[in-house]
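The file model-v4.txt comes next; it holds compact mmCIF, C-alpha atoms.
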```txt
# COMPACT_ATOMS: atom_id res chain seq x y z
CA MET A 205 -11.64 -1.48 11.67
CA ASN A 206 -11.25 -2.28 15.36
CA PHE A 207 -7.76 -1.30 16.50
CA PHE A 208 -5.85 -1.91 19.71
CA LEU A 209 -3.39 0.84 20.68
CA ILE A 210 0.01 0.42 22.31
CA SER A 211 1.37 3.89 23.15
CA LEU A 212 4.94 3.92 24.46
CA GLY A 213 7.20 6.64 25.82
CA CYS A 214 6.59 10.08 27.26
CA PRO A 215 3.44 12.22 27.64
CA LYS A 216 4.41 14.09 24.47
CA ASN A 217 4.11 10.82 22.57
CA LEU A 218 0.81 10.09 24.30
CA THR A 219 -0.65 13.35 22.95
CA ASP A 220 0.24 12.17 19.43
CA SER A 221 -1.61 8.93 20.14
CA GLU A 222 -4.63 10.89 21.35
CA ASP A 223 -4.65 13.01 18.21
CA PHE A 224 -4.41 10.23 15.64
CA CYS A 225 -6.81 7.96 17.55
CA ALA A 226 -9.33 10.80 17.48
CA ARG A 227 -8.89 11.04 13.70
CA LEU A 228 -9.54 7.32 13.33
CA LEU A 229 -12.64 7.44 15.52
CA ALA A 230 -13.97 10.43 13.56
CA HIS A 231 -13.62 8.41 10.36
CA GLY A 232 -15.53 5.36 11.56
CA HIS A 233 -12.84 3.17 13.13
CA ASN A 234 -13.12 1.79 16.68
CA LEU A 235 -10.58 1.81 19.49
CA VAL A 236 -10.86 -1.39 21.54
CA PHE A 237 -9.22 -2.11 24.88
CA ASP A 238 -9.16 -5.89 24.49
CA VAL A 239 -6.67 -7.10 21.88
CA ASN A 240 -8.84 -10.18 21.33
CA LYS A 241 -11.49 -7.91 19.80
CA ALA A 242 -9.06 -6.12 17.49
CA ASP A 243 -8.51 -6.40 13.75
CA ALA A 244 -5.20 -4.55 14.02
CA VAL A 245 -2.58 -3.45 16.52
CA LEU A 246 -1.25 0.10 16.22
CA ILE A 247 2.02 0.79 18.05
CA ASN A 248 3.20 4.34 18.70
CA THR A 249 6.86 3.87 19.56
CA CYS A 250 9.45 5.77 21.54
CA GLY A 251 12.96 5.94 20.09
CA PHE A 252 14.76 8.31 22.42
CA LEU A 253 17.08 5.70 23.96
CA ALA A 254 18.35 2.26 23.02
CA SER A 255 16.22 0.88 25.85
CA SER A 256 13.16 2.58 24.33
CA VAL A 257 13.91 1.00 20.95
CA LYS A 258 14.22 -2.38 22.66
CA GLU A 259 10.85 -1.92 24.36
CA ALA A 260 9.28 -0.96 21.03
CA GLU A 261 10.77 -4.02 19.33
CA GLU A 262 9.38 -6.31 22.05
CA ASN A 263 5.91 -4.88 21.47
CA ILE A 264 6.28 -5.32 17.70
CA LYS A 265 7.23 -8.97 18.25
CA TYR A 266 4.17 -9.38 20.46
CA ALA A 267 1.86 -7.90 17.81
CA LEU A 268 3.41 -9.97 15.00
CA LYS A 269 2.98 -13.10 17.09
CA LEU A 270 -0.74 -12.32 17.31
CA LYS A 271 -0.82 -11.76 13.55
CA ASN A 272 0.99 -15.03 12.80
CA ALA A 273 -1.51 -16.85 15.02
CA GLY A 274 -4.39 -15.36 13.06
CA LYS A 275 -5.72 -13.37 16.03
CA ILE A 276 -5.29 -10.02 14.26
CA LYS A 277 -4.95 -9.09 10.60
CA LYS A 278 -2.57 -6.13 10.57
CA VAL A 279 0.25 -4.46 12.49
CA PHE A 280 0.96 -0.74 12.11
CA VAL A 281 3.99 1.00 13.63
CA THR A 282 4.61 4.74 13.98
CA GLY A 283 6.32 7.21 16.32
CA CYS A 284 9.83 8.19 17.26
CA MET A 285 11.50 4.84 16.55
CA VAL A 286 10.19 4.92 12.98
CA GLU A 287 11.30 8.54 12.69
CA ARG A 288 14.76 7.59 13.89
CA LEU A 289 15.32 4.28 12.08
CA GLY A 290 13.22 4.76 8.93
CA LYS A 291 12.93 1.83 6.52
CA SER A 292 15.29 -0.31 8.59
CA VAL A 293 12.29 -1.04 10.84
CA LEU A 294 10.73 -2.98 7.95
CA LYS A 295 14.00 -4.72 7.19
CA LYS A 296 14.08 -6.10 10.71
CA PHE A 297 10.32 -6.79 10.85
CA PRO A 298 9.18 -7.38 7.24
CA LYS A 299 5.75 -8.64 8.32
CA ILE A 300 4.76 -5.19 9.60
CA ASP A 301 1.98 -3.99 7.30
CA LEU A 302 2.86 -0.30 7.48
CA ALA A 303 5.53 1.78 9.21
CA PHE A 304 4.78 5.50 9.08
CA SER A 305 6.38 8.66 10.40
CA ILE A 306 5.02 11.23 12.86
CA LYS A 307 4.07 13.58 10.03
CA ALA A 308 2.06 10.79 8.34
CA GLN A 309 -0.11 10.57 11.49
CA ASP A 310 -1.84 13.75 10.26
CA ASN A 311 -3.41 11.70 7.47
CA ILE A 312 -3.74 8.39 9.29
CA GLU A 313 -7.32 7.67 8.23
CA ASN A 314 -6.22 7.50 4.57
CA ILE A 315 -3.01 5.50 4.85
CA LEU A 316 -3.80 2.38 6.87
CA GLY A 317 -4.72 0.50 3.71
CA LYS A 318 -1.24 0.99 2.33
CA LYS A 319 1.77 -1.33 2.61
CA GLY A 320 5.44 -0.76 3.37
CA SER A 321 6.54 2.61 4.67
CA LEU A 322 5.36 6.21 4.52
CA LEU A 323 8.03 8.54 5.85
CA PRO A 324 7.26 12.20 5.09
CA SER A 325 9.54 14.48 7.10
CA ILE A 326 8.49 16.50 10.14
CA SER A 327 6.50 19.64 9.36
CA LYS A 328 8.10 23.03 10.07
CA THR A 329 4.90 24.25 11.72
CA LEU A 330 2.69 22.93 14.52
CA HIS A 331 -1.07 23.32 14.83
CA ALA A 332 -3.80 22.10 17.14
CA PRO A 333 -5.25 18.75 16.07
CA GLU A 334 -8.38 18.68 13.94
CA PHE A 335 -9.90 16.02 16.24
CA LYS A 336 -9.38 15.63 19.99
CA MET A 337 -9.81 12.81 22.49
CA GLY A 338 -8.23 11.81 25.80
CA LEU A 339 -6.39 8.64 26.75
CA THR A 340 -5.75 9.81 30.31
CA LEU A 341 -8.19 9.86 33.22
CA PRO A 342 -11.19 12.09 32.39
CA HIS A 343 -10.24 14.93 34.75
CA THR A 344 -6.56 15.29 33.79
CA ALA A 345 -4.87 15.87 30.44
CA TYR A 346 -1.63 16.80 28.74
CA LEU A 347 -1.63 19.84 26.47
CA LYS A 348 1.29 19.95 24.05
CA ILE A 349 2.13 23.59 23.37
CA ALA A 350 5.22 22.97 21.22
CA ASP A 351 7.27 20.19 19.68
CA GLY A 352 10.85 19.70 18.54
CA CYS A 353 13.94 21.24 20.10
CA ASN A 354 16.72 23.68 19.22
CA ASN A 355 18.84 23.17 22.35
CA ARG A 356 21.07 20.44 20.87
CA CYS A 357 22.20 18.84 24.12
CA SER A 358 25.06 16.54 23.20
CA TYR A 359 23.47 13.40 24.70
CA CYS A 360 20.07 13.88 23.02
CA THR A 361 18.61 12.61 19.74
CA ILE A 362 15.32 14.50 20.00
CA PRO A 363 16.23 17.27 17.50
CA PHE A 364 16.94 14.60 14.88
CA ILE A 365 13.72 12.75 15.68
CA ARG A 366 11.27 15.57 16.39
CA GLY A 367 12.80 18.37 14.30
CA ILE A 368 13.25 22.06 15.03
CA TYR A 369 11.29 23.79 17.78
CA ARG A 370 7.73 24.61 16.70
CA SER A 371 5.12 26.34 18.86
CA LYS A 372 1.37 26.05 18.40
CA PRO A 373 -0.19 29.46 17.80
CA LEU A 374 -1.43 30.90 21.08
CA GLU A 375 -5.08 31.09 20.02
CA GLU A 376 -5.02 27.44 18.96
CA VAL A 377 -3.61 26.38 22.34
CA LEU A 378 -6.39 28.31 24.08
CA GLU A 379 -9.05 26.72 21.87
CA GLU A 380 -7.65 23.26 22.59
CA ALA A 381 -7.76 24.00 26.32
CA LYS A 382 -11.39 25.14 26.04
CA ILE A 383 -12.30 21.87 24.34
CA MET A 384 -10.64 19.99 27.20
CA ALA A 385 -12.61 22.03 29.74
CA LYS A 386 -15.89 21.21 27.98
CA SER A 387 -15.03 17.50 28.11
CA GLY A 388 -14.58 17.61 31.91
CA VAL A 389 -10.82 18.12 32.26
CA LYS A 390 -9.90 19.97 35.44
CA GLU A 391 -6.10 19.59 35.54
CA ILE A 392 -3.82 20.32 32.56
CA SER A 393 -0.10 19.59 32.38
CA LEU A 394 1.59 21.83 29.82
CA ILE A 395 4.23 19.89 27.87
CA ALA A 396 6.84 20.43 25.16
CA GLN A 397 10.48 19.52 24.75
CA ASP A 398 11.07 22.96 26.32
CA THR A 399 7.98 24.78 27.58
CA THR A 400 9.96 27.90 28.50
CA SER A 401 10.80 28.53 24.81
CA TYR A 402 7.11 28.58 23.92
CA GLY A 403 6.37 31.23 21.27
CA GLN A 404 9.98 32.17 20.51
CA ASP A 405 9.68 30.92 16.93
CA LEU A 406 6.31 32.56 16.26
CA TYR A 407 6.48 35.83 18.14
CA GLY A 408 10.20 36.63 18.39
CA LYS A 409 10.37 36.03 22.15
CA PRO A 410 9.09 33.42 24.64
CA GLN A 411 5.40 33.79 25.47
CA LEU A 412 4.82 31.20 28.21
CA GLU A 413 3.90 33.87 30.74
CA LYS A 414 1.38 35.44 28.33
CA LEU A 415 -0.09 32.01 27.57
CA LEU A 416 -0.51 31.21 31.27
CA LYS A 417 -2.30 34.49 31.96
CA LYS A 418 -4.86 33.61 29.28
CA LEU A 419 -5.21 29.93 30.19
CA VAL A 420 -6.16 30.63 33.79
CA LYS A 421 -9.16 32.64 32.60
CA ILE A 422 -10.78 29.60 30.96
CA LYS A 423 -13.82 28.52 32.95
CA GLY A 424 -13.88 24.92 34.15
CA LEU A 425 -10.12 24.44 34.23
CA GLU A 426 -8.98 24.44 37.84
CA ARG A 427 -5.25 23.67 37.84
CA PHE A 428 -2.24 23.88 35.52
CA ARG A 429 1.15 22.25 35.87
CA ILE A 430 4.28 23.29 33.97
CA MET A 431 6.51 20.49 32.72
CA TYR A 432 9.91 20.44 30.97
CA ALA A 433 11.13 23.95 31.78
CA TYR A 434 14.68 24.86 30.72
CA PRO A 435 16.66 26.32 33.68
CA HIS A 436 18.13 29.50 32.20
CA ARG A 437 14.78 30.47 30.65
CA VAL A 438 12.92 30.39 33.96
CA THR A 439 12.28 34.06 34.68
CA LYS A 440 11.30 35.99 37.77
CA GLU A 441 8.07 36.92 35.94
CA LEU A 442 7.22 33.23 35.49
CA ALA A 443 7.90 32.60 39.18
CA LYS A 444 5.63 35.49 40.17
CA ILE A 445 2.81 34.16 38.00
CA ILE A 446 3.13 30.72 39.61
CA ALA A 447 3.18 32.31 43.05
CA GLY A 448 0.25 34.65 42.43
CA GLU A 449 -2.18 32.47 40.52
CA GLU A 450 -4.17 29.86 42.46
CA LYS A 451 -4.89 27.88 39.30
CA ILE A 452 -1.19 27.20 38.69
CA TYR A 453 0.29 24.55 40.93
CA PRO A 454 3.40 25.63 42.87
CA TYR A 455 5.26 22.93 40.96
CA LEU A 456 7.90 23.06 38.25
CA ASP A 457 9.50 20.26 36.28
CA LEU A 458 13.04 21.53 35.70
CA PRO A 459 15.46 19.00 34.13
CA LEU A 460 18.97 19.97 35.28
CA GLN A 461 21.02 16.91 34.15
CA HIS A 462 24.11 17.77 36.25
CA ILE A 463 25.76 20.48 38.35
CA SER A 464 29.46 20.14 37.46
CA ALA A 465 30.55 22.97 35.15
CA PRO A 466 32.74 20.79 32.85
CA ILE A 467 30.00 18.18 32.49
CA LEU A 468 27.32 20.79 31.77
CA LYS A 469 29.58 22.28 29.11
CA ALA A 470 30.25 18.87 27.56
CA MET A 471 26.49 18.24 27.56
CA ASN A 472 26.04 21.54 25.67
CA ARG A 473 23.68 22.77 28.34
CA HIS A 474 23.26 26.52 28.08
CA CYS A 475 23.58 27.32 31.77
CA GLY A 476 26.31 26.74 34.32
CA PRO A 477 26.14 25.74 37.98
CA GLU A 478 25.95 29.27 39.35
CA GLN A 479 23.03 30.20 37.13
CA ILE A 480 21.25 26.97 38.04
CA LYS A 481 21.66 27.71 41.74
CA GLU A 482 20.49 31.30 41.28
CA VAL A 483 17.34 30.15 39.48
CA LEU A 484 16.59 27.56 42.16
CA ALA A 485 17.11 30.10 44.94
CA MET A 486 14.84 32.58 43.15
CA LEU A 487 12.10 29.96 42.78
CA ARG A 488 12.26 28.94 46.44
CA GLU A 489 12.21 32.57 47.52
CA THR A 490 9.39 33.66 45.19
CA VAL A 491 7.03 30.67 45.21
CA LYS A 492 5.92 29.51 48.64
CA ASN A 493 6.07 25.73 49.09
CA ILE A 494 7.14 25.15 45.49
CA ALA A 495 7.78 21.52 44.55
CA ILE A 496 10.63 21.14 42.07
CA ARG A 497 11.03 18.00 40.02
CA THR A 498 14.27 17.35 38.18
CA ASN A 499 16.40 14.63 36.64
CA PHE A 500 20.10 13.92 36.42
CA ILE A 501 22.33 11.88 34.14
CA VAL A 502 25.15 9.94 35.78
CA GLY A 503 28.09 8.39 33.97
CA PHE A 504 28.32 10.98 31.22
CA PRO A 505 31.59 10.54 29.27
CA GLY A 506 34.48 11.90 31.30
CA GLU A 507 32.52 12.27 34.56
CA THR A 508 35.09 11.93 37.33
CA GLU A 509 34.48 10.73 40.86
CA GLU A 510 35.01 14.31 42.05
CA GLN A 511 32.35 15.60 39.65
CA PHE A 512 29.98 12.88 40.74
CA GLU A 513 30.60 13.81 44.39
CA GLU A 514 29.71 17.39 43.48
CA LEU A 515 26.40 16.15 42.06
CA LYS A 516 25.72 14.04 45.17
CA ASN A 517 26.34 17.00 47.46
CA PHE A 518 24.09 19.19 45.33
CA VAL A 519 21.18 16.72 45.55
CA ARG A 520 21.79 16.26 49.27
CA ASP A 521 21.87 20.00 49.93
CA PHE A 522 19.09 21.30 47.72
CA LYS A 523 16.47 18.69 48.70
CA PHE A 524 14.39 18.34 45.54
CA GLU A 525 10.85 17.03 45.98
CA ASN A 526 11.14 14.59 43.06
CA VAL A 527 14.27 13.33 41.28
CA ALA A 528 14.69 10.88 38.41
CA VAL A 529 18.16 9.41 37.87
CA PHE A 530 19.25 8.17 34.45
CA GLU A 531 22.38 6.30 33.50
CA TYR A 532 24.01 7.83 30.43
CA PHE A 533 23.12 5.96 27.24
CA ARG A 534 25.53 6.14 24.32
CA GLU A 535 23.14 6.92 21.48
CA ARG A 536 24.05 6.92 17.81
CA GLY A 537 23.15 10.29 16.32
CA ALA A 538 23.98 12.20 19.50
CA SER A 539 27.31 14.07 19.41
CA SER A 540 28.40 12.54 22.73
CA TYR A 541 28.45 9.12 21.04
CA ASN A 542 32.00 9.88 19.84
CA PHE A 543 33.22 11.38 23.10
CA LYS A 544 36.27 9.77 24.65
CA LYS A 545 36.38 8.49 28.25
CA GLN A 546 33.13 6.55 28.09
CA ILE A 547 32.15 5.28 31.55
CA THR A 548 31.71 1.55 32.15
CA ALA A 549 28.25 0.11 32.74
CA ALA A 550 29.23 -1.03 36.24
CA VAL A 551 30.32 2.46 37.27
CA LYS A 552 27.18 4.04 35.83
CA ARG A 553 25.00 1.57 37.73
CA ARG A 554 26.85 2.21 41.00
CA ARG A 555 26.56 5.97 40.63
CA ALA A 556 22.85 5.77 39.83
CA LEU A 557 22.20 3.66 42.93
CA GLU A 558 24.22 6.03 45.12
CA LEU A 559 22.36 9.10 43.88
CA GLU A 560 18.99 7.37 44.27
CA ALA A 561 19.91 6.44 47.86
CA ILE A 562 20.74 10.06 48.64
CA GLN A 563 17.43 11.24 47.17
CA SER A 564 15.63 8.56 49.18
CA ARG A 565 17.00 10.07 52.38
CA VAL A 566 16.03 13.55 51.16
CA VAL A 567 12.46 12.33 50.63
CA ASP A 568 12.44 10.84 54.14
CA GLY A 569 13.19 14.30 55.50
CA ILE A 570 10.52 15.92 53.33
CA ASN A 571 8.00 13.33 54.49
CA LYS A 572 8.66 14.05 58.16
CA LYS A 573 7.70 17.67 57.55
CA LEU A 574 4.57 16.64 55.64
CA ILE A 575 3.05 14.58 58.46
CA GLY A 576 0.13 16.42 60.01
CA LYS A 577 -0.04 19.09 57.32
CA ASN A 578 -3.06 19.88 55.19
CA ILE A 579 -1.99 20.10 51.54
CA GLU A 580 -3.84 20.24 48.26
CA VAL A 581 -4.52 16.92 46.55
CA ILE A 582 -6.42 15.71 43.50
CA ALA A 583 -8.36 12.43 43.45
CA ASP A 584 -7.61 10.16 40.48
CA THR A 585 -9.81 7.32 41.73
CA PRO A 586 -12.07 7.15 44.80
CA LEU A 587 -9.19 6.02 47.05
CA LEU A 588 -6.07 7.13 45.18
CA GLY A 589 -4.75 10.48 44.04
CA ARG A 590 -1.79 12.82 44.07
CA THR A 591 -0.59 15.83 46.03
CA TYR A 592 0.13 19.06 44.19
CA LYS A 593 3.77 17.95 44.38
CA ASP A 594 3.09 15.00 42.07
CA ALA A 595 2.58 15.09 38.30
CA PRO A 596 0.44 12.34 36.77
CA ASP A 597 2.19 9.10 35.80
CA ILE A 598 5.70 10.10 36.91
CA ASP A 599 5.68 11.23 40.55
CA GLY A 600 4.19 9.90 43.78
CA THR A 601 0.67 9.07 44.94
CA VAL A 602 -1.56 9.58 47.97
CA THR A 603 -4.19 7.16 49.28
CA PHE A 604 -7.33 8.38 51.04
CA ASP A 605 -8.92 6.98 54.19
CA LYS A 606 -12.38 7.18 52.60
CA PRO A 607 -13.75 7.46 49.05
CA VAL A 608 -13.59 10.75 47.17
CA THR A 609 -15.16 11.74 43.86
CA PRO A 610 -12.49 11.38 41.11
CA GLY A 611 -11.35 14.75 39.85
CA LYS A 612 -12.05 16.53 43.13
CA ILE A 613 -9.34 19.00 44.18
CA PHE A 614 -9.25 19.61 47.93
CA LYS A 615 -7.05 19.82 51.00
CA ALA A 616 -6.33 16.71 53.05
CA LYS A 617 -4.17 15.95 56.08
CA ILE A 618 -1.12 13.76 55.46
CA ILE A 619 -1.09 11.07 58.15
CA SER A 620 1.79 8.87 56.97
CA ALA A 621 4.41 8.80 54.22
CA VAL A 622 6.98 6.31 52.97
CA GLY A 623 9.03 7.32 49.95
CA TYR A 624 6.75 8.83 47.33
CA GLN A 625 3.68 7.06 48.72
CA ARG A 626 1.60 9.10 51.14
CA LYS A 627 -1.66 8.54 53.05
CA ALA A 628 -4.16 11.29 53.76
CA LYS A 629 -7.16 11.80 56.00
CA VAL A 630 -10.15 13.28 54.18
CA LYS A 631 -12.06 15.83 56.23
```
Could you write out this structure as structure tokens?
Amino acid sequence: MNFFLISLGCPKNLTDSEDFCARLLAHGHNLVFDVNKADAVLINTCGFLASSVKEAEENIKYALKLKNAGKIKKVFVTGCMVERLGKSVLKKFPKIDLAFSIKAQDNIENILGKKGSLLPSISKTLHAPEFKMGLTLPHTAYLKIADGCNNRCSYCTIPFIRGIYRSKPLEEVLEEAKIMAKSGVKEISLIAQDTTSYGQDLYGKPQLEKLLKKLVKIKGLERFRIMYAYPHRVTKELAKIIAGEEKIYPYLDLPLQHISAPILKAMNRHCGPEQIKEVLAMLRETVKNIAIRTNFIVGFPGETEEQFEELKNFVRDFKFENVAVFEYFRERGASSYNFKKQITAAVKRRRALELEAIQSRVVDGINKKLIGKNIEVIADTPLLGRTYKDAPDIDGTVTFDKPVTPGKIFKAKIISAVGYQRKAKVK
């Protein structure tokens, strides 16, 4: 079977796509990158937000249109939307050949001949995939060290979709990283719903620091990036490892969501504003030139103008290198769905635009300080890459004044910068 893949959502979902595509290839199927050469379309959906469900449904409609026109024979749908909505996916789109859950992906080579739905529940354990391939650029990859979440933030449906927190055994993570190194990967981004809880379920306490100390010893791997850290679990030991190990980028993805104490409490975040500020101060003090990426939710139920002003001042004062702003989505299944004092769409939109404007001015100031400096970059294509401050797919880019070998990690002088787009002179 020739299959065309549509993988939606976050990097964690992309790693699932990589794993089940590798299984299919190992069992004689072919991944094609032209839908006109496909027998089937396989859609790995996101279901985190209503907007994600809408995007998934648009892609299902697209695939079914191809099927109705006789251009493909089958449409398969899997991923978080299927996990969240179950058999109702088939009720809305009865011409889907098979809708299957995340757990069923582990046996994908044996189920694609079936009809209807296969919805086994999420496993209580997590292991490295039997087969491995990459859907990213050859020199960069995501390594999922855990899945699921126990944090139970009130706005989030992930625990209901992805299940309880499950870490991969440490030795299996290391073996997976070695396989990546042998395939030419130089940069690895460690991902999970919460990387800082890694190992808690298996070893009785978090083991991210231990994992990092072992990962950096693997030959061929040159850089690691830590994504999705939970603020109150960021330790001084972790900061010292980042500061002292050349292979670990001075970069941390640290979703904060808000800074107002009442809003953080309503979100069921397990750290307050003072602890957040202490962690940020510790990171800036311990790790020279650290780039911190974060995201915030505006328009959470009950957010007052005063609380929003507090968030604006926080973003203005702290000067984060990268910020993503999300308008609160009222999601069924999340406990905040039933909260009173829901904020209107117009107010949420205004607040998002205001916060983005503040961050834009922050970035202008950061860019002024970057001009003329030599900083580490990685080439993704001959003329385009990223600084160490930029994670693949989600942050900014840097263009080079002359071609560079893709995958090369080197220092270049920043000669101009507008927003998250920078230009560099290659020595």
Please tabulate, as a Markdown table, the residues of stretch 562-622 of chain A that come within 12 Å of stretch 500-522 of chain A, each with its closest pair of atoms and the distance in Å to one decimal, counting all atoms listed in the file and ordering rows by chain, then residue number upward.
```
| residue | atom | partner | partner_atom | distance |
| --- | --- | --- | --- | --- |
| A:Ile562 | CA | A:Arg520 | CA | 6.3 |
| A:Gln563 | CA | A:Val519 | CA | 6.8 |
| A:Ser564 | CA | A:Arg520 | CA | 9.9 |
| A:Arg565 | CA | A:Arg520 | CA | 8.4 |
| A:Val566 | CA | A:Arg520 | CA | 6.6 |
| A:Val567 | CA | A:Arg520 | CA | 10.2 |
| A:Asp568 | CA | A:Arg520 | CA | 11.9 |
| A:Gly569 | CA | A:Arg520 | CA | 10.8 |
| A:Ile570 | CA | A:Phe522 | CA | 11.6 |
```
Using only C-alpha atoms, which of A:Ser371, A:Gly388, A:Val293, A:Cys250 sits nearest A:Gly408?
A:Ser371
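Shortest separation to A:Ala244 among A:Leu419, A:Ile365, A:Ala528, A:Val279 occurs at residue A:Val279, atoms counted being all atoms listed in the file.
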Selection: 12 Å around A:Lys265, all atoms listed in the file, excl. self and same-chain fewer than 6 positions, as a VMD selection string:
chain A and resid 245 247 258 to 259 271 to 272 279 281 293 296 to 300
Correct to one decimal, the distance atom CA of A:Ile496-atom CA of A:Lys390 is 21.6 Å
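Distance-wise, atom CA of A:Arg626 and atom CA of A:Ala595 end up 14.2 Å apart.
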Closest of A:Arg437, A:Arg488, A:Lys269, A:Lys593 to A:Tyr453 - atom-to-atom distances counting all atoms listed in the file
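Between A:Arg437, A:Arg488, A:Lys269, A:Lys593, the residue approaching A:Tyr453 most closely is A:Lys593.
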Between atom CA of A:Thr490 and atom CA of A:Thr439, distance in Å (one decimal):
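Going from atom CA of A:Thr490 over to atom CA of A:Thr439, I get 10.9 Å.
Residue nearest A:Met337 within the list A:Glu391, A:Leu229, A:Leu412, A:Leu374: A:Leu229 [criterion: smallest interatomic distance, only C-alpha atoms].
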Considering all atoms listed in the file, return as a list in words whatever protein or nucleic-acid residues lie within 9 Å of stretch 477-486 of chain A, sequence-local ones (same chain, fewer than 5 positions apart) excluded.
Pro435, His436, Val438, Thr439, Lys440, Ala443, Leu460, His462, Ile463, Ser464, Ala465, Leu468, Val491, Ile496 and Phe522 of chain A
Can you list, as a ChimeraX atom specification, every protein, DNA or RNA residue that comes within 8 Å of A:Ser321 when you count all atoms listed in the file, leaving out same-chain residues fewer than 6 positions away?
/A:291,294,302-304
Write out as lines of an AutoDock Vina configuration file an axis-aligned box for stretch 320-338 of chain A: all of its atoms listed in the file, 8 Å added on each side, centre and edge lengths in Å with one decimal.
```
center_x = -0.2
center_y = 11.7
center_z = 14.6
size_x = 35.4
size_y = 41.0
size_z = 38.4
```
Selection: 8 Å around A:Thr282, all atoms listed in the file, excl. self and same-chain fewer than 5 positions, as a ChimeraX atom specification
/A:246-249,287,303-306,309
Could I get stretch 314-325 of chain A rebuilt with N, CA, C and O atoms, written as a PDB file, in the coordinates of the input?
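rebuild_16.pdb written:
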```pdb
ATOM      1  N   ASN A 314      -6.328   7.816   6.001  1.00  0.00           N
ATOM      2  CA  ASN A 314      -6.220   7.500   4.570  1.00  0.00           C
ATOM      3  C   ASN A 314      -5.049   6.595   4.215  1.00  0.00           C
ATOM      4  O   ASN A 314      -4.889   6.239   3.048  1.00  0.00           O
ATOM      5  N   ILE A 315      -4.235   6.235   5.188  1.00  0.00           N
ATOM      6  CA  ILE A 315      -3.010   5.500   4.850  1.00  0.00           C
ATOM      7  C   ILE A 315      -2.982   4.062   5.354  1.00  0.00           C
ATOM      8  O   ILE A 315      -2.128   3.281   4.934  1.00  0.00           O
ATOM      9  N   LEU A 316      -3.903   3.693   6.252  1.00  0.00           N
ATOM     10  CA  LEU A 316      -3.800   2.380   6.870  1.00  0.00           C
ATOM     11  C   LEU A 316      -4.087   1.224   5.906  1.00  0.00           C
ATOM     12  O   LEU A 316      -3.850   0.074   6.245  1.00  0.00           O
ATOM     13  N   GLY A 317      -4.550   1.540   4.717  1.00  0.00           N
ATOM     14  CA  GLY A 317      -4.720   0.500   3.710  1.00  0.00           C
ATOM     15  C   GLY A 317      -3.484   0.278   2.872  1.00  0.00           C
ATOM     16  O   GLY A 317      -3.439  -0.619   2.029  1.00  0.00           O
ATOM     17  N   LYS A 318      -2.466   1.075   3.109  1.00  0.00           N
ATOM     18  CA  LYS A 318      -1.240   0.990   2.330  1.00  0.00           C
ATOM     19  C   LYS A 318      -0.274  -0.027   2.925  1.00  0.00           C
ATOM     20  O   LYS A 318      -0.429  -0.451   4.075  1.00  0.00           O
ATOM     21  N   LYS A 319       0.760  -0.365   2.171  1.00  0.00           N
ATOM     22  CA  LYS A 319       1.770  -1.330   2.610  1.00  0.00           C
ATOM     23  C   LYS A 319       3.153  -0.692   2.591  1.00  0.00           C
ATOM     24  O   LYS A 319       3.408   0.256   1.850  1.00  0.00           O
ATOM     25  N   GLY A 320       4.050  -1.215   3.397  1.00  0.00           N
ATOM     26  CA  GLY A 320       5.440  -0.760   3.370  1.00  0.00           C
ATOM     27  C   GLY A 320       5.685   0.385   4.316  1.00  0.00           C
ATOM     28  O   GLY A 320       5.375   0.288   5.501  1.00  0.00           O
ATOM     29  N   SER A 321       6.199   1.489   3.809  1.00  0.00           N
ATOM     30  CA  SER A 321       6.540   2.610   4.670  1.00  0.00           C
ATOM     31  C   SER A 321       6.090   3.923   4.054  1.00  0.00           C
ATOM     32  O   SER A 321       6.092   4.098   2.838  1.00  0.00           O
ATOM     33  N   LEU A 322       5.682   4.837   4.901  1.00  0.00           N
ATOM     34  CA  LEU A 322       5.360   6.210   4.520  1.00  0.00           C
ATOM     35  C   LEU A 322       6.114   7.109   5.481  1.00  0.00           C
ATOM     36  O   LEU A 322       5.797   7.148   6.677  1.00  0.00           O
ATOM     37  N   LEU A 323       7.108   7.833   4.963  1.00  0.00           N
ATOM     38  CA  LEU A 323       8.030   8.540   5.850  1.00  0.00           C
ATOM     39  C   LEU A 323       8.198  10.012   5.473  1.00  0.00           C
ATOM     40  O   LEU A 323       9.322  10.509   5.320  1.00  0.00           O
ATOM     41  N   PRO A 324       7.093  10.759   5.325  1.00  0.00           N
ATOM     42  CA  PRO A 324       7.260  12.200   5.090  1.00  0.00           C
ATOM     43  C   PRO A 324       7.947  12.842   6.288  1.00  0.00           C
ATOM     44  O   PRO A 324       7.753  12.426   7.427  1.00  0.00           O
ATOM     45  N   SER A 325       8.757  13.860   6.032  1.00  0.00           N
ATOM     46  CA  SER A 325       9.540  14.480   7.100  1.00  0.00           C
ATOM     47  C   SER A 325       8.669  15.376   7.972  1.00  0.00           C
ATOM     48  O   SER A 325       7.566  15.791   7.593  1.00  0.00           O
TER      49      SER A 325
END
```
